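Asks: Next comes final.cif, mmCIF, C-alpha atoms:
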```cif
data_my_file
#
loop_
_atom_site.label_atom_id
_atom_site.label_comp_id
_atom_site.auth_asym_id
_atom_site.auth_seq_id
_atom_site.Cartn_x
_atom_site.Cartn_y
_atom_site.Cartn_z
CA LEU D 1 -29.94 5.57 5.08
CA ILE D 2 -26.74 5.87 3.09
CA GLU D 3 -24.35 2.96 2.68
CA VAL D 4 -20.80 3.94 3.63
CA THR D 5 -17.86 1.96 2.32
CA THR D 6 -14.25 1.83 3.47
CA TYR D 7 -13.03 4.05 0.64
CA ASP D 8 -15.75 6.72 0.53
CA ASP D 9 -13.43 9.47 1.78
CA PHE D 10 -10.51 8.53 -0.52
CA LYS D 11 -9.76 10.78 -3.48
CA GLU D 12 -7.72 10.04 -6.57
CA ASN D 13 -3.99 10.55 -5.84
CA ASP D 14 -4.36 10.35 -2.04
CA LEU D 15 -1.22 8.82 -0.57
CA CYS D 16 -2.00 5.40 0.88
CA VAL D 17 -0.27 2.56 2.68
CA VAL D 18 -0.92 -0.79 1.01
CA TRP D 19 -0.03 -4.40 1.78
CA LYS D 20 -1.02 -7.91 0.82
CA ASP D 21 -1.00 -10.70 3.44
CA ASP D 22 2.28 -9.87 5.18
CA LYS D 23 1.70 -6.77 7.31
CA HIS D 24 5.46 -6.20 7.50
CA LEU D 25 5.71 -5.58 3.73
CA LYS D 26 3.83 -2.30 3.51
CA ASP D 27 4.45 0.28 0.82
CA PHE D 28 3.23 3.71 -0.25
CA ARG D 29 0.97 3.99 -3.31
CA TYR D 30 -1.35 6.66 -4.68
CA PHE D 31 -5.05 5.82 -4.69
CA SER D 32 -6.83 5.49 -8.04
CA HIS D 33 -10.35 4.10 -7.53
CA VAL D 34 -12.45 1.26 -6.12
CA GLU D 35 -13.33 -1.75 -8.23
CA ASN D 36 -15.59 -4.51 -6.89
CA GLY D 37 -15.01 -3.29 -3.33
CA LYS D 38 -11.19 -3.41 -3.63
CA ALA D 39 -8.80 -0.48 -3.72
CA ARG D 40 -6.89 0.11 -6.93
CA CYS D 41 -3.73 2.17 -6.65
CA PHE D 42 -1.33 3.45 -9.26
CA THR D 43 1.68 1.20 -9.75
CA TYR D 44 5.22 1.92 -8.53
CA GLY D 45 4.51 5.31 -6.98
CA TYR D 46 2.99 6.85 -10.09
CA THR D 47 -0.05 9.14 -9.95
CA SER D 48 -2.86 9.94 -12.35
CA TYR D 49 -0.61 12.66 -13.77
CA THR D 50 2.23 10.32 -14.70
CA ARG D 51 0.71 6.94 -15.51
CA LYS D 52 -2.61 5.10 -15.71
CA ASP D 53 -1.53 1.54 -14.72
CA THR D 54 -3.16 0.35 -11.49
CA SER D 55 -3.14 -2.76 -9.34
CA ILE D 56 -5.55 -4.17 -6.76
CA TRP D 57 -4.60 -4.14 -3.08
CA PRO D 58 -6.48 -6.24 -0.50
CA ASN D 59 -5.40 -3.86 2.27
CA CYS D 60 -5.27 -0.11 1.86
CA ARG D 61 -5.44 2.80 4.29
CA LYS D 62 -4.70 6.49 4.03
CA ALA D 63 -1.23 7.55 5.07
CA THR D 64 -1.13 9.56 8.29
CA GLU D 65 0.20 13.12 8.42
CA GLU D 66 3.31 11.84 10.22
CA GLU D 67 3.93 9.17 7.57
CA ILE D 68 3.59 11.78 4.83
CA LYS D 69 6.03 14.14 6.57
CA THR D 70 8.63 11.53 7.49
CA LYS D 71 8.14 9.25 4.43
CA THR D 72 8.18 6.35 6.91
CA ILE D 73 5.37 3.83 7.36
CA LYS D 74 4.28 3.27 10.95
CA ASP D 75 2.79 -0.06 12.01
#
```
Show me, as structure tokens, the structure contained in the file I just sent.
Replies:
Amino acid sequence: LIEVTTYDDFKENDLCVVWKDDKHLKDFRYFSHVENGKARCFTYGYTSYTRKDTSIWPNCRKATEEEIKTKTIKD
């Protein structure tokens, strides 16, 4: 058996939707890595190519194709 985690299919620089406790305050961030089971994303829209600063997000999911195309987060 192989243990599968929430972020197994995430790659560095994947566009993600992140939020803290308030689901209405979602934002786009680029995925960096997982640390202690939590997603770390690059700060302020940076990627691994532009900056190395990251922050932890309690909620993180991959952006959908529609969100990527329209640059609008769907609930």
Asks: Name the residues that the PyMOL selection byres ((chain D and resi 45) around 12) picks from the file above, as a PyMOL selection string, using the file's chain letters and numbers.
Replies: chain D and resi 13-18+27-32+41-44+46-55
Asks: For a cut-off of 12 Å around (-10.3, 7.6, 4.3), file coordinates, pick out all residues using all atoms listed in the file and list them as an mmCIF file with C-alpha atoms, in the frame of the given file.
Replies:
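Result file follows (point_24.cif):
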```cif
data_model
loop_
_atom_site.group_PDB
_atom_site.id
_atom_site.type_symbol
_atom_site.label_atom_id
_atom_site.label_comp_id
_atom_site.auth_asym_id
_atom_site.auth_seq_id
_atom_site.Cartn_x
_atom_site.Cartn_y
_atom_site.Cartn_z
ATOM 1 C CA VAL D 4 -20.800 3.940 3.630
ATOM 2 C CA THR D 5 -17.860 1.960 2.320
ATOM 3 C CA THR D 6 -14.250 1.830 3.470
ATOM 4 C CA TYR D 7 -13.030 4.050 0.640
ATOM 5 C CA ASP D 8 -15.750 6.720 0.530
ATOM 6 C CA ASP D 9 -13.430 9.470 1.780
ATOM 7 C CA PHE D 10 -10.510 8.530 -0.520
ATOM 8 C CA LYS D 11 -9.760 10.780 -3.480
ATOM 9 C CA GLU D 12 -7.720 10.040 -6.570
ATOM 10 C CA ASP D 14 -4.360 10.350 -2.040
ATOM 11 C CA LEU D 15 -1.220 8.820 -0.570
ATOM 12 C CA CYS D 16 -2.000 5.400 0.880
ATOM 13 C CA VAL D 17 -0.270 2.560 2.680
ATOM 14 C CA PHE D 31 -5.050 5.820 -4.690
ATOM 15 C CA ALA D 39 -8.800 -0.480 -3.720
ATOM 16 C CA CYS D 60 -5.270 -0.110 1.860
ATOM 17 C CA ARG D 61 -5.440 2.800 4.290
ATOM 18 C CA LYS D 62 -4.700 6.490 4.030
ATOM 19 C CA ALA D 63 -1.230 7.550 5.070
ATOM 20 C CA THR D 64 -1.130 9.560 8.290
#
```
Asks: How many Å lie between atom CA of D:Asn36 and atom CA of D:Trp19, rounded to one decimal?
Replies: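 Separation of atom CA of D:Asn36 and atom CA of D:Trp19: 17.8 Å.
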Asks: Write out as a short mmCIF file (atom, residue, chain, number, x, y, z; two decimals) with C-alpha atoms, keeping the file's coordinate frame the residues lying within 9 Å of D:Asp75, counting only C-alpha atoms and excluding same-chain residues fewer than 4 positions away.
Replies:
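part-v2.cif, freshly written:
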```cif
data_model
loop_
_atom_site.label_atom_id
_atom_site.label_comp_id
_atom_site.auth_asym_id
_atom_site.auth_seq_id
_atom_site.Cartn_x
_atom_site.Cartn_y
_atom_site.Cartn_z
CA LYS D 23 1.70 -6.77 7.31
CA HIS D 24 5.46 -6.20 7.50
CA LYS D 26 3.83 -2.30 3.51
#
```
Asks: Looking at D:Trp57, D:Glu3, D:Glu67, D:Thr72, which one is nearest to D:Arg40, with distances taken over all atoms listed in the file?
Replies: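 Between D:Trp57, D:Glu3, D:Glu67, D:Thr72, the residue approaching D:Arg40 most closely is D:Trp57.
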Asks: Atom CA of D:Asp21 and atom CA of D:Asn59, how far apart in Å?
Replies: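 Those two atoms sit 8.2 Å apart.
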Asks: Would you mind reading off the distance between atom CA of D:Ile73 and atom CA of D:Leu25, one decimal, in Å?
Replies: 10.1 Å
Asks: Report, as lines of an AutoDock Vina configuration file, the axis-aligned box around all atoms of stretch 46-60 of chain D present in the file, extended by 8 Å on each side; give centre and edge lengths in Å to one decimal place.
Replies:
```
center_x = -1.7
center_y = 3.2
center_z = -6.7
size_x = 25.5
size_y = 34.9
size_z = 34.0
```
